[in-house]
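Chemist: target.csv (CSV, C-alpha atoms and all ligand atoms) pasted underneath:
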```csv
chain,number,residue,atom,x,y,z
G,1,MET,CA,26.0,13.5,-12.6
G,2,LEU,CA,23.1,11.0,-12.6
G,3,SER,CA,22.5,8.5,-15.4
G,4,ASN,CA,20.6,9.4,-18.6
G,5,GLU,CA,18.2,6.5,-17.9
G,6,LEU,CA,17.1,8.1,-14.6
G,7,LYS,CA,16.1,11.3,-16.4
G,8,ASN,CA,13.2,9.4,-18.1
G,9,ILE,CA,12.0,7.8,-14.9
G,10,THR,CA,9.1,9.1,-12.8
G,11,PRO,CA,9.2,8.2,-9.1
G,12,SER,CA,6.4,5.8,-8.0
G,13,TYR,CA,3.1,7.7,-7.5
G,14,THR,CA,1.7,5.0,-5.2
G,15,ILE,CA,4.7,5.0,-2.9
G,16,GLY,CA,5.0,8.9,-3.1
G,17,ILE,CA,1.3,9.5,-2.1
G,18,SER,CA,1.5,7.1,0.9
G,19,SER,CA,4.7,8.9,2.1
G,20,LYS,CA,2.8,12.2,1.8
G,21,VAL,CA,-0.1,10.8,3.8
G,22,ALA,CA,2.3,9.6,6.5
G,23,GLU,CA,3.8,13.1,6.7
G,24,LEU,CA,0.3,14.7,7.0
G,25,GLN,CA,-0.6,12.1,9.7
G,26,GLU,CA,2.5,12.9,11.6
G,27,LYS,CA,1.4,16.6,11.6
G,28,GLY,CA,-1.8,15.4,13.3
G,29,LEU,CA,-4.2,15.4,10.3
G,30,ASN,CA,-6.7,12.6,10.1
G,31,ILE,CA,-6.4,11.4,6.6
G,32,CYS,CA,-8.5,8.6,5.0
G,33,ASN,CA,-5.9,6.8,3.0
G,34,LEU,CA,-7.4,5.0,0.0
G,35,SER,CA,-4.2,5.3,-2.0
G,36,ILE,CA,-1.7,2.6,-1.6
G,37,GLY,CA,-2.6,-1.0,-2.1
G,38,GLU,CA,-1.5,-2.4,1.3
G,39,PRO,CA,-3.6,-5.0,3.2
G,40,ASP,CA,-5.1,-3.9,6.5
G,41,PHE,CA,-4.1,-7.3,8.0
G,42,ASN,CA,-1.0,-8.6,9.8
G,43,VAL,CA,1.1,-11.5,8.7
G,44,PRO,CA,-0.8,-14.7,9.7
G,45,THR,CA,0.4,-16.1,13.1
G,46,LYS,CA,1.6,-19.5,11.8
G,47,ALA,CA,3.8,-17.8,9.1
G,48,LYS,CA,5.3,-15.5,11.7
G,49,ASP,CA,6.0,-18.5,14.0
G,50,ILE,CA,7.9,-20.3,11.2
G,51,ALA,CA,10.0,-17.2,10.6
G,52,ILE,CA,10.7,-16.8,14.4
G,53,ASP,CA,11.7,-20.5,14.6
G,54,ALA,CA,14.0,-20.0,11.6
G,55,PHE,CA,15.7,-17.1,13.4
G,56,ASN,CA,16.0,-19.0,16.7
G,57,ASN,CA,17.5,-21.9,14.8
G,58,ASN,CA,20.0,-19.6,13.1
G,59,LYS,CA,18.7,-20.2,9.6
G,60,THR,CA,20.4,-16.9,8.7
G,61,LYS,CA,23.3,-18.0,6.5
G,62,TYR,CA,23.6,-17.6,2.7
G,63,ASN,CA,21.5,-20.1,0.8
G,64,ASN,CA,20.5,-21.0,-2.8
G,65,VAL,CA,20.5,-18.0,-5.1
G,66,SER,CA,17.1,-19.1,-6.6
G,67,GLY,CA,15.6,-19.5,-3.1
G,68,LEU,CA,15.1,-22.1,-0.4
G,69,ASN,CA,14.2,-25.5,-1.8
G,70,GLU,CA,11.6,-25.9,0.9
G,71,LEU,CA,9.8,-22.8,-0.3
G,72,LYS,CA,10.2,-23.6,-4.0
G,73,ASN,CA,8.7,-27.0,-3.4
G,74,GLU,CA,5.7,-25.3,-1.8
G,75,VAL,CA,5.4,-23.0,-4.8
G,76,ILE,CA,5.5,-26.0,-7.1
G,77,LYS,CA,2.7,-27.6,-5.1
G,78,LYS,CA,0.6,-24.5,-5.3
G,79,PHE,CA,1.0,-24.4,-9.1
G,80,LYS,CA,0.1,-28.1,-9.4
G,81,PHE,CA,-2.9,-28.3,-7.1
G,82,GLU,CA,-4.3,-24.8,-7.5
G,83,ASN,CA,-3.5,-23.9,-11.1
G,84,ASN,CA,-3.0,-27.4,-12.7
G,85,VAL,CA,0.4,-26.6,-14.1
G,86,ASP,CA,3.6,-28.6,-13.4
G,87,TYR,CA,7.0,-26.9,-12.7
G,88,ASP,CA,10.4,-28.3,-11.8
G,89,LEU,CA,12.6,-26.9,-9.1
G,90,ASP,CA,14.9,-25.2,-11.6
G,91,GLU,CA,11.9,-23.3,-13.1
G,92,ILE,CA,11.1,-21.3,-10.0
G,93,VAL,CA,13.1,-18.4,-8.6
G,94,ILE,CA,12.2,-16.7,-5.3
G,95,SER,CA,12.9,-12.9,-5.3
G,96,SER,CA,12.7,-10.0,-2.9
G,97,GLY,CA,9.1,-9.1,-3.9
G,98,ALA,CA,7.2,-9.3,-7.1
G,99,LYS,CA,8.7,-6.0,-8.2
G,100,HIS,CA,12.1,-7.7,-8.0
G,101,ALA,CA,10.9,-10.8,-9.8
G,102,ILE,CA,9.6,-8.6,-12.7
G,103,THR,CA,12.8,-6.6,-13.0
G,104,ASN,CA,15.0,-9.7,-12.8
G,105,THR,CA,12.9,-11.1,-15.7
G,106,LEU,CA,13.2,-7.9,-17.8
G,107,ILE,CA,17.0,-7.8,-17.3
G,108,SER,CA,17.2,-11.4,-18.4
G,109,ILE,CA,15.1,-11.1,-21.5
G,110,LEU,CA,15.3,-7.6,-23.0
G,111,ASN,CA,17.8,-6.2,-25.4
G,112,PRO,CA,18.1,-2.4,-25.9
G,113,GLY,CA,15.2,-1.2,-28.0
G,114,ASP,CA,13.0,-4.3,-27.6
G,115,GLU,CA,9.4,-3.3,-27.4
G,116,VAL,CA,7.1,-4.4,-24.6
G,117,LEU,CA,3.3,-4.1,-25.0
G,118,VAL,CA,1.8,-2.5,-21.9
G,119,PRO,CA,-2.0,-2.4,-22.0
G,120,LYS,CA,-3.6,0.8,-20.6
G,121,PRO,CA,-4.4,1.3,-17.7
G,122,TYR,CA,-1.2,-0.3,-16.4
G,123,TRP,CA,0.2,-0.8,-13.0
G,124,VAL,CA,2.3,2.3,-12.2
G,125,SER,CA,5.7,0.6,-12.2
G,126,TYR,CA,5.6,-1.4,-15.4
G,127,PRO,CA,6.7,1.4,-17.9
G,128,GLU,CA,9.5,2.6,-15.6
G,129,MET,CA,10.8,-0.9,-15.0
G,130,ILE,CA,10.9,-1.6,-18.7
G,131,LYS,CA,12.8,1.7,-19.4
G,132,LEU,CA,15.2,0.9,-16.5
G,133,CYS,CA,15.9,-2.5,-18.2
G,134,SER,CA,16.6,-0.8,-21.6
G,135,GLY,CA,13.3,-1.8,-23.2
G,136,LEU,CA,10.7,0.5,-24.8
G,137,PRO,CA,7.2,0.4,-23.3
G,138,VAL,CA,4.5,0.5,-26.0
G,139,PHE,CA,1.1,1.6,-24.6
G,140,VAL,CA,-1.8,-0.4,-25.9
G,141,ASP,CA,-5.2,1.4,-25.8
G,142,THR,CA,-8.0,-0.8,-24.6
G,143,ASP,CA,-11.8,-0.4,-24.5
G,144,LYS,CA,-13.8,0.7,-21.4
G,145,LYS,CA,-16.7,-1.5,-22.7
G,146,ASN,CA,-14.4,-4.5,-22.2
G,147,ASN,CA,-13.5,-3.3,-18.7
G,148,PHE,CA,-10.1,-2.2,-20.2
G,149,LYS,CA,-9.0,-5.8,-20.8
G,150,VAL,CA,-6.6,-6.1,-23.7
G,151,THR,CA,-7.9,-8.1,-26.7
G,152,VAL,CA,-6.3,-9.8,-29.6
G,153,SER,CA,-7.3,-7.0,-32.0
G,154,ASP,CA,-5.8,-4.4,-29.6
G,155,ILE,CA,-2.5,-6.4,-29.6
G,156,LYS,CA,-2.5,-6.6,-33.4
G,157,LYS,CA,-2.7,-2.8,-33.7
G,158,TYR,CA,0.5,-2.3,-31.7
G,159,MET,CA,2.6,-5.3,-32.4
G,160,THR,CA,5.7,-4.9,-34.5
G,161,SER,CA,8.7,-7.1,-35.5
G,162,LYS,CA,10.5,-5.6,-32.4
G,163,THR,CA,7.8,-6.7,-29.9
G,164,LYS,CA,9.4,-9.0,-27.4
G,165,MET,CA,6.9,-9.2,-24.5
G,166,LEU,CA,3.3,-8.4,-23.4
G,167,PHE,CA,2.4,-7.5,-19.8
G,168,ILE,CA,-0.9,-8.8,-18.4
G,169,SER,CA,-2.0,-7.9,-14.9
G,170,ASN,CA,-4.6,-10.4,-13.9
G,171,PRO,CA,-6.6,-9.8,-11.7
G,172,SER,CA,-5.8,-6.2,-12.8
G,173,ASN,CA,-4.3,-3.4,-10.8
G,174,PRO,CA,-5.9,-0.8,-11.2
G,175,THR,CA,-9.3,-2.1,-12.5
G,176,GLY,CA,-9.9,-5.4,-10.7
G,177,ALA,CA,-11.0,-6.9,-14.0
G,178,ILE,CA,-10.3,-10.7,-14.5
G,179,TYR,CA,-9.7,-12.3,-17.9
G,180,THR,CA,-11.8,-15.3,-19.0
G,181,LYS,CA,-10.1,-18.5,-20.2
G,182,GLU,CA,-11.2,-17.8,-23.7
G,183,GLU,CA,-9.8,-14.3,-23.7
G,184,LEU,CA,-6.5,-15.6,-22.4
G,185,GLU,CA,-6.4,-18.4,-25.0
G,186,GLY,CA,-6.7,-15.9,-27.8
G,187,ILE,CA,-3.9,-13.8,-26.3
G,188,VAL,CA,-1.6,-16.9,-25.9
G,189,ASP,CA,-2.3,-17.9,-29.5
G,190,ILE,CA,-1.3,-14.5,-31.0
G,191,CYS,CA,1.8,-14.4,-28.8
G,192,THR,CA,2.9,-17.9,-29.6
G,193,LYS,CA,2.6,-17.3,-33.3
G,194,ASN,CA,4.6,-14.1,-33.0
G,195,ASN,CA,7.3,-15.1,-30.5
G,196,ILE,CA,6.1,-12.8,-27.9
G,197,TYR,CA,6.7,-13.6,-24.2
G,198,ILE,CA,3.9,-13.0,-21.8
G,199,LEU,CA,4.7,-11.5,-18.4
G,200,ALA,CA,1.7,-12.7,-16.4
G,201,ASP,CA,1.6,-10.7,-13.2
G,202,GLU,CA,-0.7,-12.8,-11.0
G,203,ILE,CA,0.0,-11.3,-7.7
G,204,TYR,CA,-3.7,-10.7,-7.0
G,205,GLU,CA,-4.6,-14.3,-7.9
G,206,LYS,CA,-6.0,-15.2,-4.5
G,207,ILE,CA,-8.1,-12.1,-4.4
G,208,SER,CA,-10.7,-13.0,-7.0
G,209,TYR,CA,-14.3,-13.2,-5.9
G,210,GLU,CA,-16.0,-15.4,-8.4
G,211,ASP,CA,-13.7,-18.4,-8.7
G,212,ASP,CA,-13.0,-17.7,-12.4
G,213,PHE,CA,-9.2,-16.9,-12.2
G,214,VAL,CA,-7.1,-18.9,-14.8
G,215,SER,CA,-3.3,-18.8,-14.6
G,216,ILE,CA,-2.1,-18.2,-18.2
G,217,ALA,CA,0.7,-20.8,-18.0
G,218,SER,CA,-1.9,-23.5,-17.2
G,219,LEU,CA,-3.6,-23.2,-20.6
G,220,SER,CA,-1.2,-25.4,-22.6
G,221,ASN,CA,2.5,-26.4,-22.9
G,222,GLU,CA,3.0,-23.6,-25.5
G,223,ALA,CA,1.5,-21.1,-23.0
G,224,LYS,CA,3.7,-22.3,-20.2
G,225,ASN,CA,6.8,-22.1,-22.4
G,226,ILE,CA,6.3,-18.4,-23.4
G,227,THR,CA,4.9,-17.2,-20.0
G,228,ILE,CA,6.8,-15.8,-17.1
G,229,THR,CA,4.4,-16.0,-14.2
G,230,ILE,CA,5.0,-13.5,-11.4
G,231,ASN,CA,3.4,-13.9,-8.0
G,232,GLY,CA,4.2,-13.1,-4.4
G,233,PHE,CA,3.1,-12.8,-0.8
G,234,SER,CA,2.6,-9.0,-0.3
G,235,LYS,CA,-1.1,-9.1,-1.2
G,236,SER,CA,-2.3,-12.6,-0.5
G,237,ALA,CA,-0.5,-13.1,2.8
G,238,ALA,CA,-0.4,-9.4,3.9
G,239,MET,CA,3.4,-9.6,3.8
G,240,THR,CA,4.3,-6.3,2.1
G,241,GLY,CA,7.3,-5.5,4.3
G,242,MET,CA,8.7,-9.0,4.2
G,243,ARG,CA,9.5,-8.6,0.5
G,244,VAL,CA,9.0,-12.1,-1.0
G,245,GLY,CA,7.8,-12.8,-4.6
G,246,TYR,CA,8.6,-15.4,-7.2
G,247,SER,CA,8.7,-16.1,-10.9
G,248,ALA,CA,7.9,-19.4,-12.8
G,249,SER,CA,9.3,-19.7,-16.3
G,250,ASN,CA,11.0,-22.1,-18.7
G,251,LYS,CA,14.3,-23.4,-17.5
G,252,SER,CA,16.5,-21.2,-19.7
G,253,ILE,CA,14.7,-18.0,-18.6
G,254,ALA,CA,14.8,-19.2,-14.9
G,255,LYS,CA,18.5,-19.7,-15.2
G,256,GLY,CA,18.9,-16.2,-16.6
G,257,ILE,CA,16.8,-14.7,-13.7
G,258,SER,CA,18.8,-16.7,-11.2
G,259,THR,CA,22.1,-15.4,-12.7
G,260,VAL,CA,21.0,-11.8,-12.5
G,261,GLN,CA,19.7,-12.3,-9.0
G,262,GLY,CA,23.0,-13.9,-7.9
G,263,HIS,CA,24.9,-10.8,-8.8
G,264,LEU,CA,22.5,-8.2,-7.6
G,265,VAL,CA,21.2,-9.5,-4.2
G,266,SER,CA,22.4,-13.2,-3.8
G,267,HIS,CA,18.9,-14.2,-2.7
G,268,PRO,CA,16.0,-12.8,-0.6
G,269,SER,CA,16.3,-12.7,3.1
G,270,THR,CA,16.2,-16.3,4.5
G,271,ILE,CA,13.9,-15.3,7.4
G,272,SER,CA,11.4,-13.8,5.0
G,273,GLN,CA,11.5,-16.9,2.8
G,274,TRP,CA,10.7,-19.1,5.8
G,275,CYS,CA,7.8,-16.7,6.6
G,276,ALA,CA,6.5,-17.2,3.0
G,277,TYR,CA,7.0,-21.0,3.4
G,278,GLY,CA,4.8,-20.8,6.5
G,279,ALA,CA,2.2,-18.7,4.6
G,280,LEU,CA,1.9,-21.2,1.8
G,281,LYS,CA,2.0,-24.3,3.8
G,282,TYR,CA,-0.1,-23.5,6.8
G,283,CYS,CA,-2.1,-20.3,6.2
G,284,SER,CA,-4.6,-21.0,3.4
G,285,ASP,CA,-7.5,-20.6,5.9
G,286,ASP,CA,-6.2,-17.2,7.0
G,287,ILE,CA,-5.9,-16.1,3.4
G,288,ASP,CA,-9.5,-17.3,2.6
G,289,ASP,CA,-10.7,-15.3,5.6
G,290,MET,CA,-8.9,-12.2,4.4
G,291,VAL,CA,-10.4,-12.6,0.9
G,292,LYS,CA,-13.9,-12.9,2.4
G,293,ILE,CA,-13.4,-9.6,4.1
G,294,TYR,CA,-12.1,-7.9,0.9
G,295,LYS,CA,-15.2,-9.1,-0.8
G,296,GLN,CA,-17.4,-7.5,1.9
G,297,LYS,CA,-15.5,-4.3,1.6
G,298,ARG,CA,-15.7,-4.4,-2.2
G,299,ASP,CA,-19.5,-4.8,-1.9
G,300,LEU,CA,-19.7,-2.0,0.6
G,301,ALA,CA,-17.6,0.4,-1.5
G,302,ILE,CA,-19.6,-0.4,-4.6
G,303,ASP,CA,-22.8,0.2,-2.7
G,304,LEU,CA,-21.6,3.6,-1.5
G,305,LEU,CA,-20.1,4.7,-4.9
G,306,SER,CA,-23.3,3.8,-6.8
G,307,ASN,CA,-25.0,6.5,-4.8
G,308,ILE,CA,-22.7,9.1,-6.4
G,309,ASN,CA,-24.4,9.8,-9.7
G,310,SER,CA,-21.7,12.0,-11.2
G,311,ILE,CA,-19.1,9.2,-11.3
G,312,ASP,CA,-18.7,5.9,-13.0
G,313,TYR,CA,-16.4,3.0,-12.2
G,314,ILE,CA,-15.2,-0.4,-13.5
G,315,TYR,CA,-16.9,-3.1,-11.5
G,316,PRO,CA,-14.0,-5.0,-9.9
G,317,LYS,CA,-14.1,-8.8,-9.8
G,318,GLY,CA,-10.8,-9.1,-8.0
G,319,ALA,CA,-7.7,-7.4,-6.5
G,320,PHE,CA,-8.7,-4.6,-4.0
G,321,TYR,CA,-9.0,-1.5,-6.1
G,322,ILE,CA,-11.7,0.5,-7.8
G,323,PHE,CA,-10.9,2.6,-10.9
G,324,ILE,CA,-13.3,5.6,-10.9
G,325,ASP,CA,-14.1,7.7,-14.0
G,326,ILE,CA,-14.0,11.4,-12.9
G,327,SER,CA,-14.2,12.8,-16.4
G,328,ASN,CA,-17.5,14.7,-15.6
G,329,PHE,CA,-15.4,17.1,-13.6
G,330,LYS,CA,-12.8,18.0,-16.2
G,331,SER,CA,-14.2,21.4,-16.9
G,332,LYS,CA,-14.6,22.1,-13.2
G,333,LEU,CA,-10.9,22.3,-12.2
G,334,ASP,CA,-8.0,24.5,-13.3
G,335,TYR,CA,-5.0,22.3,-14.0
G,336,LYS,CA,-1.8,22.7,-15.9
G,337,ASP,CA,-0.4,19.2,-16.6
G,338,SER,CA,-2.6,16.6,-15.1
G,339,PHE,CA,-6.3,16.8,-14.3
G,340,SER,CA,-6.3,13.6,-12.1
G,341,VAL,CA,-3.3,15.0,-10.1
G,342,GLU,CA,-5.2,18.2,-9.5
G,343,PHE,CA,-8.3,16.3,-8.6
G,344,CYS,CA,-6.4,14.1,-6.0
G,345,ASP,CA,-4.5,17.1,-4.6
G,346,LYS,CA,-7.8,19.0,-4.0
G,347,LEU,CA,-9.5,15.9,-2.6
G,348,LEU,CA,-6.6,15.5,-0.1
G,349,SER,CA,-6.4,19.2,0.9
G,350,ASN,CA,-10.2,19.9,1.0
G,351,ASN,CA,-11.6,16.6,2.3
G,352,ASN,CA,-8.6,14.7,3.7
G,353,VAL,CA,-8.9,11.7,1.4
G,354,ALA,CA,-6.0,10.2,-0.4
G,355,ALA,CA,-6.5,8.5,-3.8
G,356,VAL,CA,-4.1,7.8,-6.7
G,357,PRO,CA,-4.4,9.9,-9.8
G,358,GLY,CA,-5.3,7.9,-12.9
G,359,VAL,CA,-2.4,9.5,-14.8
G,360,ALA,CA,-0.2,7.1,-12.7
G,361,PHE,CA,-1.9,4.3,-14.6
G,362,GLY,CA,-1.8,6.1,-18.0
G,363,MET,CA,-5.4,7.4,-17.8
G,364,ASP,CA,-5.9,11.0,-16.6
G,365,ASP,CA,-9.7,10.8,-16.5
G,366,TYR,CA,-9.7,8.4,-13.6
G,367,ILE,CA,-8.6,8.0,-10.0
G,368,ARG,CA,-7.9,4.7,-8.2
G,369,ILE,CA,-9.0,3.9,-4.7
G,370,SER,CA,-7.9,0.9,-2.6
G,371,TYR,CA,-10.4,-0.8,-0.3
G,372,ALA,CA,-7.7,-2.8,1.5
G,373,CYS,CA,-8.0,-0.3,4.4
G,374,SER,CA,-10.2,-0.5,7.5
G,375,GLU,CA,-14.0,-0.3,6.9
G,376,GLU,CA,-14.1,2.9,8.9
G,377,THR,CA,-11.5,4.6,6.6
G,378,LEU,CA,-13.4,3.2,3.5
G,379,VAL,CA,-16.7,4.6,4.6
G,380,LYS,CA,-15.3,8.0,5.6
G,381,GLY,CA,-13.1,8.2,2.5
G,382,ILE,CA,-16.0,7.6,0.1
G,383,LYS,CA,-18.1,10.1,2.0
G,384,GLY,CA,-15.3,12.6,1.5
G,385,ILE,CA,-15.2,11.8,-2.2
G,386,LYS,CA,-19.0,12.4,-2.4
G,387,GLU,CA,-18.7,15.7,-0.6
G,388,PHE,CA,-15.8,16.8,-2.8
G,389,VAL,CA,-17.5,15.9,-6.1
G,390,ASN,CA,-20.7,17.5,-5.0
G,391,SER,CA,-18.8,20.7,-4.2
G,392,LEU,CA,-17.6,20.7,-7.8
G,393,LEU,CA,-21.1,20.4,-9.4
N,401,LIG,N1,2.5,-6.2,-9.4
N,401,LIG,C1,1.4,-5.5,-9.1
N,401,LIG,C2,0.3,-5.5,-10.1
N,401,LIG,C3,1.3,-4.8,-7.9
N,401,LIG,O1,0.2,-4.1,-7.6
N,401,LIG,C4,2.4,-4.8,-7.0
N,401,LIG,C5,2.3,-4.0,-5.7
N,401,LIG,N2,2.7,-4.5,-4.6
N,401,LIG,C6,3.5,-5.6,-7.3
N,401,LIG,C7,3.6,-6.2,-8.5
N,401,LIG,C8,4.7,-5.6,-6.5
N,401,LIG,O2,4.5,-6.4,-5.3
N,401,LIG,P1,5.7,-6.7,-4.2
N,401,LIG,O3,5.3,-6.0,-3.0
N,401,LIG,O4,5.7,-8.2,-4.1
N,401,LIG,O5,7.0,-6.2,-4.8
N,402,LIG,N1,1.2,-2.3,-5.6
N,402,LIG,C1,0.6,-1.4,-4.6
N,402,LIG,C2,-0.2,-0.3,-5.3
N,402,LIG,O1,-0.3,-0.3,-6.5
N,402,LIG,C3,1.6,-0.9,-3.6
N,402,LIG,C4,2.5,0.2,-4.0
N,402,LIG,C5,3.6,-0.2,-4.9
N,402,LIG,O2,4.2,-1.2,-4.7
N,402,LIG,O3,3.9,0.6,-5.9
N,402,LIG,O4,-0.7,0.6,-4.7
```
Mind turning the file's structure into structure tokens?
Ligand code: PMP
Ligand code: GLU
Modeler:
Amino acid sequence: MLSNELKNITPSYTIGISSKVAELQEKGLNICNLSIGEPDFNVPTKAKDIAIDAFNNNKTKYNNVSGLNELKNEVIKKFKFENNVDYDLDEIVISSGAKHAITNTLISILNPGDEVLVPKPYWVSYPEMIKLCSGLPVFVDTDKKNNFKVTVSDIKKYMTSKTKMLFISNPSNPTGAIYTKEELEGIVDICTKNNIYILADEIYEKISYEDDFVSIASLSNEAKNITITINGFSKSAAMTGMRVGYSASNKSIAKGISTVQGHLVSHPSTISQWCAYGALKYCSDDIDDMVKIYKQKRDLAIDLLSNINSIDYIYPKGAFYIFIDISNFKSKLDYKDSFSVEFCDKLLSNNNVAAVPGVAFGMDDYIRISYACSEETLVKGIKGIKEFVNSLL
């Protein structure tokens, strides 16, 4: 018999779709995969070299639960010089990916029944993670006119005495929207006044195209004290399979996170941590080059999408996704449960293009595409979307 908790959990759509694509590709089908957010780059050479050296020098034993000091010190330098916020060594915990950093945080903070505000659209795993850690996700409606960024008045509508935490994905997965400093200041103010922690998922920090990213913890001492910043290497350094992420929080939360981690996994792989150390210390030029290419692909994708009159989208300022409004086609498809799932199924079977249904992000009138793929795949994929929607008209 499986647990009751599991009954309420939906498997990850993003991971599920990419497995389906892999199966179809194995059967010889040529699929344009615009679904999973996985960089089309390899780990930068210098980061790989550091990991290989670590292996050759037998740096393969157990180490600190909260992560290698060398890596934590690089993370501290990043926060200081790039975000203008100071952390001590015992406020940083390195985990096996940002997913793991988030779940460690939730286990450390939530009590059964605590409410967690999750602005819609949300990244697919947030609600399921919260439920698995005995919390209650409370979905916050946001306004398309504000690019679906949550506002203070949205928060006020859903806040109760049980609200323990607010999730912010900035730059946002799935919309690519980026919060301004003023927007974040308002959010920090209401959260400070109401004892609400902020889980600031900043994993797409580096992938912002207009130099306007602000890390929430940098806003003030109060902001730093209530914020758990999540970041990692999967996106910025194309290290998805290496599984390294981290959290930065106040000392008592960091101690909790470290205690949880110590029992569940001891610490992330030492070789992967050395690789992350190499990425932070030596690879900023490689990362800048990747971001330049993402920006070119963003511009190309927007150019192609703006030629499809029947759809609309949120203009992305960061991350590598485009959230596309497909509501014009709602009456054109027969569907039982989810319109966006039906749309994506048909898009895949008729035109060999994989996208993620918006229902995965809590909004069934949308689909999400990723432009972290090759340019060829992107161009072919958007052409396939155009042909598909034209066939529905
Ligand atoms: N947060 C967001 C918003 C993401 O898109 C992802 C997907 N990778 C993660 C966290 C998890 O990243 P990781 O691979 O480091 O676990
Ligand atoms: N975060 C990426 C996405 O949203 C990768 C998949 C996942 O980790 O769920 O597509």
Chemist: Considering all atoms listed in the file, can you say which of G:Cys32, G:Val265, G:Val152, G:Ala319 comes closest to ligand LIG 401 (chain N)?
Modeler: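 Residue with the minimum atom-to-atom distance to ligand LIG 401 (chain N): G:Ala319.
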Chemist: Would you mind listing the residues within 7 Å of ligand LIG 402 (chain N), counting all atoms listed in the file, as a list in words?
Modeler: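 These are the residues that qualify: Ser12, Thr14, Ile15, Ser35, Ile36, Gly37, Glu38, Trp123, Val124, Ser125 and Asn173 of chain G.
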Chemist: Residues of chain G that have any atom at most 7 Å from an atom of ligand LIG 401 (chain N): could you tabulate them with the shortest-distance atom pair and the distance in Å to one decimal, using all atoms listed in the file, ordered by chain and increasing number, as a Markdown table?
Modeler:
```
| residue | atom | partner | partner_atom | distance |
| --- | --- | --- | --- | --- |
| G:Gly37 | CA | N:LIG401 | C5 | 6.8 |
| G:Gly97 | CA | N:LIG401 | O4 | 3.5 |
| G:Ala98 | CA | N:LIG401 | O4 | 3.5 |
| G:Lys99 | CA | N:LIG401 | O5 | 3.8 |
| G:His100 | CA | N:LIG401 | O5 | 6.2 |
| G:Trp123 | CA | N:LIG401 | C2 | 5.5 |
| G:Ser169 | CA | N:LIG401 | C2 | 5.8 |
| G:Ser172 | CA | N:LIG401 | C2 | 6.7 |
| G:Asn173 | CA | N:LIG401 | C2 | 5.1 |
| G:Asp201 | CA | N:LIG401 | N1 | 6.0 |
| G:Ile203 | CA | N:LIG401 | N1 | 5.9 |
| G:Gly232 | CA | N:LIG401 | O4 | 5.1 |
| G:Phe233 | CA | N:LIG401 | O4 | 6.2 |
| G:Ser234 | CA | N:LIG401 | O3 | 4.9 |
| G:Lys235 | CA | N:LIG401 | N2 | 6.9 |
| G:Thr240 | CA | N:LIG401 | O3 | 5.2 |
| G:Arg243 | CA | N:LIG401 | O4 | 6.0 |
| G:Val244 | CA | N:LIG401 | O4 | 6.0 |
| G:Gly245 | CA | N:LIG401 | O4 | 5.1 |
```
Chemist: Any idea what's packed within 12 Å of Asn69 (chain G), counting only C-alpha atoms, ignoring anything in its chain fewer than 2 positions away? Could you give it as a ChimeraX atom specification?
Modeler: /G:63-67,71-76,88-94,270,273-274,277
Chemist: With C-alpha atoms kept, could you save the residues just selected as a PDB file, in the frame of the given file?
Modeler:
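Below is the file that was written, selection.pdb:
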```pdb
ATOM      1  CA  ASN G  63      21.500 -20.100   0.800  1.00  0.00           C
ATOM      2  CA  ASN G  64      20.500 -21.000  -2.800  1.00  0.00           C
ATOM      3  CA  VAL G  65      20.500 -18.000  -5.100  1.00  0.00           C
ATOM      4  CA  SER G  66      17.100 -19.100  -6.600  1.00  0.00           C
ATOM      5  CA  GLY G  67      15.600 -19.500  -3.100  1.00  0.00           C
ATOM      6  CA  LEU G  71       9.800 -22.800  -0.300  1.00  0.00           C
ATOM      7  CA  LYS G  72      10.200 -23.600  -4.000  1.00  0.00           C
ATOM      8  CA  ASN G  73       8.700 -27.000  -3.400  1.00  0.00           C
ATOM      9  CA  GLU G  74       5.700 -25.300  -1.800  1.00  0.00           C
ATOM     10  CA  VAL G  75       5.400 -23.000  -4.800  1.00  0.00           C
ATOM     11  CA  ILE G  76       5.500 -26.000  -7.100  1.00  0.00           C
ATOM     12  CA  ASP G  88      10.400 -28.300 -11.800  1.00  0.00           C
ATOM     13  CA  LEU G  89      12.600 -26.900  -9.100  1.00  0.00           C
ATOM     14  CA  ASP G  90      14.900 -25.200 -11.600  1.00  0.00           C
ATOM     15  CA  GLU G  91      11.900 -23.300 -13.100  1.00  0.00           C
ATOM     16  CA  ILE G  92      11.100 -21.300 -10.000  1.00  0.00           C
ATOM     17  CA  VAL G  93      13.100 -18.400  -8.600  1.00  0.00           C
ATOM     18  CA  ILE G  94      12.200 -16.700  -5.300  1.00  0.00           C
ATOM     19  CA  THR G 270      16.200 -16.300   4.500  1.00  0.00           C
ATOM     20  CA  GLN G 273      11.500 -16.900   2.800  1.00  0.00           C
ATOM     21  CA  TRP G 274      10.700 -19.100   5.800  1.00  0.00           C
ATOM     22  CA  TYR G 277       7.000 -21.000   3.400  1.00  0.00           C
TER      23      TYR G 277
END
```
Chemist: With distances taken over only C-alpha atoms, which of G:Ala301, G:Ala51, G:Ala177, G:Leu132 is nearest to Lys317 (chain G)?
Modeler: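 Of all the options, G:Ala177 lies closest to Lys317 (chain G).
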Chemist: Kindly indicate which residue among G:Ser153, G:Gln296, G:Asn309, G:Ser220 lies nearest to Lys386 (chain G), using only C-alpha atoms for the distances.
Modeler: G:Asn309
Chemist: Considering all atoms listed in the file, tabulate each residue of region 199-301 of chain G that lies at most 10 Å from region 347-371 of chain G along with its nearest interatomic pair and the corresponding distance in Å to one decimal; arrange the rows by chain and ascending residue number and present them as a tab-separated table.
Modeler:
```
residue	atom	partner	partner_atom	distance
G:Tyr294	CA	G:Tyr371	CA	7.4
G:Lys295	CA	G:Tyr371	CA	9.6
G:Gln296	CA	G:Tyr371	CA	9.9
G:Lys297	CA	G:Tyr371	CA	6.5
G:Arg298	CA	G:Tyr371	CA	6.7
G:Leu300	CA	G:Tyr371	CA	9.4
G:Ala301	CA	G:Tyr371	CA	7.4
```
